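I have placed the structure first, in the form of structure tokens, so that the comments after it can refer back to it.
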Amino acid sequence: MNPALSRRFTFRPLIAVCAVLLIAACAPAAARVADPLANLRQADGTAVWQQEYRFEPPPAPWQLIDLDEDDYSIAFMKICSDGYPCQSTLAYAEEPFGYSRDFEERQAEFFRRFLWASRVAFEPPKLRKVKVLGQDGLEAITVGVEPVLRHKVWCKILFARRGERVVAFYFTQWRPEKNGFEPADEADFGRFVASFSFLQPSFYERLFSQSTPKAGTP
Amino acid sequence: MEGHQRNRYLYDRLNARVAGVSRDQVATLKYWTEEMGLTFPIFSNPVGHLGIWFDTLEEGYPMFSRKTVVIDKWGVIRYMQAGSPDFQEILTLLKQLHEEETKR
């Protein structure tokens, strides 16, 4: 056999083996991606968060946001590639912006601060009385536009009650101004809200119903 | 400040009052409190002696660093904590102080 041909036949299987090894090396790496909710998942598919809330996490590619601020209590984000920005966020907030315990007043206070740093100009929100967490709540839907970068954000905020305090569920979807919104993400938000429940009374509910532990004691 | 405003109804129930202190001028604070919708007093202390008393004035930095101080009705400091306020801790203490006061 021609020596050059012989070398080619020797290298071909080697290259094929290397290619298989490379592909094989990728497969377990992809499978090893940690599920940040793994320890929280229950047999019924829900997740229990800090012994405080139970909910059905939205499916992948939604991912848990690592929170380093107080704006949300728990939040998930979904990135897409239909231009920039292309992102949806759903969240539950124990302390939504604003102060009032009246839903109508609270939503007005809320939108003065919500996405403030993004320089968004909101349309007046469309308000509708709804049931949230089995009680009376308020739905506020609006679109905001960032006029310099030409980004837009669709927002659906559900104000609800935990004890006497107002809590809220947020859904936002960012898109370039010329692109359309994706309604499927809002359906995931709806399932998240519908599955959400409290596992115990909040600190504020317990504050006046229990004897006070000495301050500074665990 | 927003958290204190949100909890103001609870402070009222516990017979507590909240006030803020800042080194900003009165005109700045007036605009800021209106913008934020705050309804409790914010004191203007440009000279900074309150910050010095409560050890919130870092050398070389002109602003007060954030600190929460709880003073009882006899003027005794019962709590002092730097950083963002821990509202659960504050409310638990206020409830305890209120119970102490009503037992007297």
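Order determines the names: the first chain of the structure tokens is A, the second B, and so forth; residues in each chain are numbered 1 upward, and ligands are numbered 1 upward as they are shown.
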
For this session: Counting only C-alpha atoms, collect the residues of chain B whose closest atom lies at most 9 Å from chain A, and write them out as a list in words.
Result: Glu2, Gly3, Gln5, Arg6, Asn7, Arg8, Met36, Gly37, Gln88, Glu89, Ile90, Leu91, Thr92, Leu93, Leu94, Lys95, Gln96 and Glu99 of chain B

Seminar exercise, completed: Correct to one decimal, the distance CA of Ala168 (chain A)-CA of Gly83 (chain B) is 25.7 Å

Problem set entry | d(CA of Met80 (chain B), CA of Thr56 (chain B)) in Å |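 Distance between the two atoms: 10.8 Å.
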
Exercise. Do you have the CA of His151 (chain A)-CA of Leu115 (chain A) distance handy?
Worked result: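 Those two atoms sit 12.7 Å apart.
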
Exercise. Where in region 20-72 of chain B does DSSP assign helix (DSSP H, G or I), given as a PyMOL selection string?
Worked result: chain B and resi 26-36+49-53

How close does each residue of region 45-68 of chain B get to region 13-30 of chain B, giving the shortest atom pair and distance in Å to one decimal for every residue with an atom at most 9 Å away, counting only C-alpha atoms, sorted by chain and residue number, as CSV?
```
residue,atom,partner,partner_atom,distance
B:Asn45,CA,B:Arg23,CA,4.8
B:Pro46,CA,B:Arg23,CA,4.2
B:Val47,CA,B:Arg23,CA,7.1
B:Gly48,CA,B:Arg23,CA,6.3
B:Leu50,CA,B:Val21,CA,7.9
B:Gly51,CA,B:Val21,CA,8.3
B:Pro62,CA,B:Arg23,CA,8.3
B:Met63,CA,B:Arg23,CA,6.5
B:Phe64,CA,B:Ser22,CA,6.9
```

Exercise. Quick one: residues within 9 Å of region 46-58 of chain A, only C-alpha atoms counted, chain neighbours fewer than 2 positions away excluded, as an MDAnalysis selection string?
Worked result: chainID A and resid 37:44 60:64 74 76 188:189 191:202

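Here the DSSP assignment of strand (DSSP E or B), based on backbone atoms, applies within chain B to Gly20, Val21, Ser22, Ile42, Phe43, Ser44, Leu57, Phe64, Lys67, Thr68, Val69, Val70, Ile71, Ile77, Arg78, Tyr79, Met80, Gln81 and Ala82 of chain B.
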
Based on the selection just made, write N, CA and C atoms of those residues as a PDB file, in the first residue's frame.
```
ATOM      1  N   GLY B  20     -36.451  60.764  60.228  1.00  0.00           N
ATOM      2  CA  GLY B  20     -35.169  60.555  59.562  1.00  0.00           C
ATOM      3  C   GLY B  20     -34.267  61.759  59.785  1.00  0.00           C
ATOM      4  N   VAL B  21     -32.984  61.559  59.606  1.00  0.00           N
ATOM      5  CA  VAL B  21     -32.013  62.651  59.720  1.00  0.00           C
ATOM      6  C   VAL B  21     -31.096  62.580  58.502  1.00  0.00           C
ATOM      7  N   SER B  22     -30.852  63.736  57.897  1.00  0.00           N
ATOM      8  CA  SER B  22     -29.999  63.759  56.716  1.00  0.00           C
ATOM      9  C   SER B  22     -29.139  65.024  56.750  1.00  0.00           C
ATOM     10  N   ILE B  42     -38.390  64.399  58.212  1.00  0.00           N
ATOM     11  CA  ILE B  42     -36.968  64.166  57.930  1.00  0.00           C
ATOM     12  C   ILE B  42     -36.249  65.441  58.371  1.00  0.00           C
ATOM     13  N   PHE B  43     -35.345  65.326  59.297  1.00  0.00           N
ATOM     14  CA  PHE B  43     -34.632  66.491  59.816  1.00  0.00           C
ATOM     15  C   PHE B  43     -33.383  66.776  58.987  1.00  0.00           C
ATOM     16  N   SER B  44     -33.178  68.063  58.741  1.00  0.00           N
ATOM     17  CA  SER B  44     -31.998  68.488  58.004  1.00  0.00           C
ATOM     18  C   SER B  44     -30.914  68.868  59.010  1.00  0.00           C
ATOM     19  N   LEU B  57     -20.787  59.206  60.822  1.00  0.00           N
ATOM     20  CA  LEU B  57     -20.029  60.087  59.934  1.00  0.00           C
ATOM     21  C   LEU B  57     -18.637  59.492  59.737  1.00  0.00           C
ATOM     22  N   PHE B  64     -23.988  60.959  55.924  1.00  0.00           N
ATOM     23  CA  PHE B  64     -24.174  59.995  57.014  1.00  0.00           C
ATOM     24  C   PHE B  64     -24.261  58.596  56.408  1.00  0.00           C
ATOM     25  N   LYS B  67     -28.003  54.253  59.453  1.00  0.00           N
ATOM     26  CA  LYS B  67     -28.068  53.613  60.772  1.00  0.00           C
ATOM     27  C   LYS B  67     -29.486  53.757  61.329  1.00  0.00           C
ATOM     28  N   THR B  68     -29.977  52.709  61.952  1.00  0.00           N
ATOM     29  CA  THR B  68     -31.297  52.764  62.593  1.00  0.00           C
ATOM     30  C   THR B  68     -31.095  52.828  64.096  1.00  0.00           C
ATOM     31  N   VAL B  69     -31.751  53.790  64.737  1.00  0.00           N
ATOM     32  CA  VAL B  69     -31.630  53.956  66.189  1.00  0.00           C
ATOM     33  C   VAL B  69     -33.035  53.958  66.781  1.00  0.00           C
ATOM     34  N   VAL B  70     -33.238  53.161  67.801  1.00  0.00           N
ATOM     35  CA  VAL B  70     -34.524  53.168  68.513  1.00  0.00           C
ATOM     36  C   VAL B  70     -34.275  53.761  69.898  1.00  0.00           C
ATOM     37  N   ILE B  71     -35.031  54.810  70.190  1.00  0.00           N
ATOM     38  CA  ILE B  71     -34.892  55.507  71.474  1.00  0.00           C
ATOM     39  C   ILE B  71     -36.213  55.371  72.219  1.00  0.00           C
ATOM     40  N   ILE B  77     -31.258  54.921  74.457  1.00  0.00           N
ATOM     41  CA  ILE B  77     -31.070  54.225  73.182  1.00  0.00           C
ATOM     42  C   ILE B  77     -31.195  52.724  73.438  1.00  0.00           C
ATOM     43  N   ARG B  78     -32.160  52.101  72.794  1.00  0.00           N
ATOM     44  CA  ARG B  78     -32.416  50.673  73.010  1.00  0.00           C
ATOM     45  C   ARG B  78     -31.924  49.817  71.848  1.00  0.00           C
ATOM     46  N   TYR B  79     -31.566  50.447  70.739  1.00  0.00           N
ATOM     47  CA  TYR B  79     -31.189  49.659  69.557  1.00  0.00           C
ATOM     48  C   TYR B  79     -30.422  50.559  68.607  1.00  0.00           C
ATOM     49  N   MET B  80     -29.359  50.037  68.060  1.00  0.00           N
ATOM     50  CA  MET B  80     -28.586  50.808  67.084  1.00  0.00           C
ATOM     51  C   MET B  80     -27.997  49.801  66.093  1.00  0.00           C
ATOM     52  N   GLN B  81     -28.326  49.961  64.823  1.00  0.00           N
ATOM     53  CA  GLN B  81     -27.878  48.981  63.831  1.00  0.00           C
ATOM     54  C   GLN B  81     -27.502  49.687  62.538  1.00  0.00           C
ATOM     55  N   ALA B  82     -26.292  49.444  62.065  1.00  0.00           N
ATOM     56  CA  ALA B  82     -25.840  50.048  60.806  1.00  0.00           C
ATOM     57  C   ALA B  82     -26.365  49.247  59.617  1.00  0.00           C
TER      58      ALA B  82
END
```
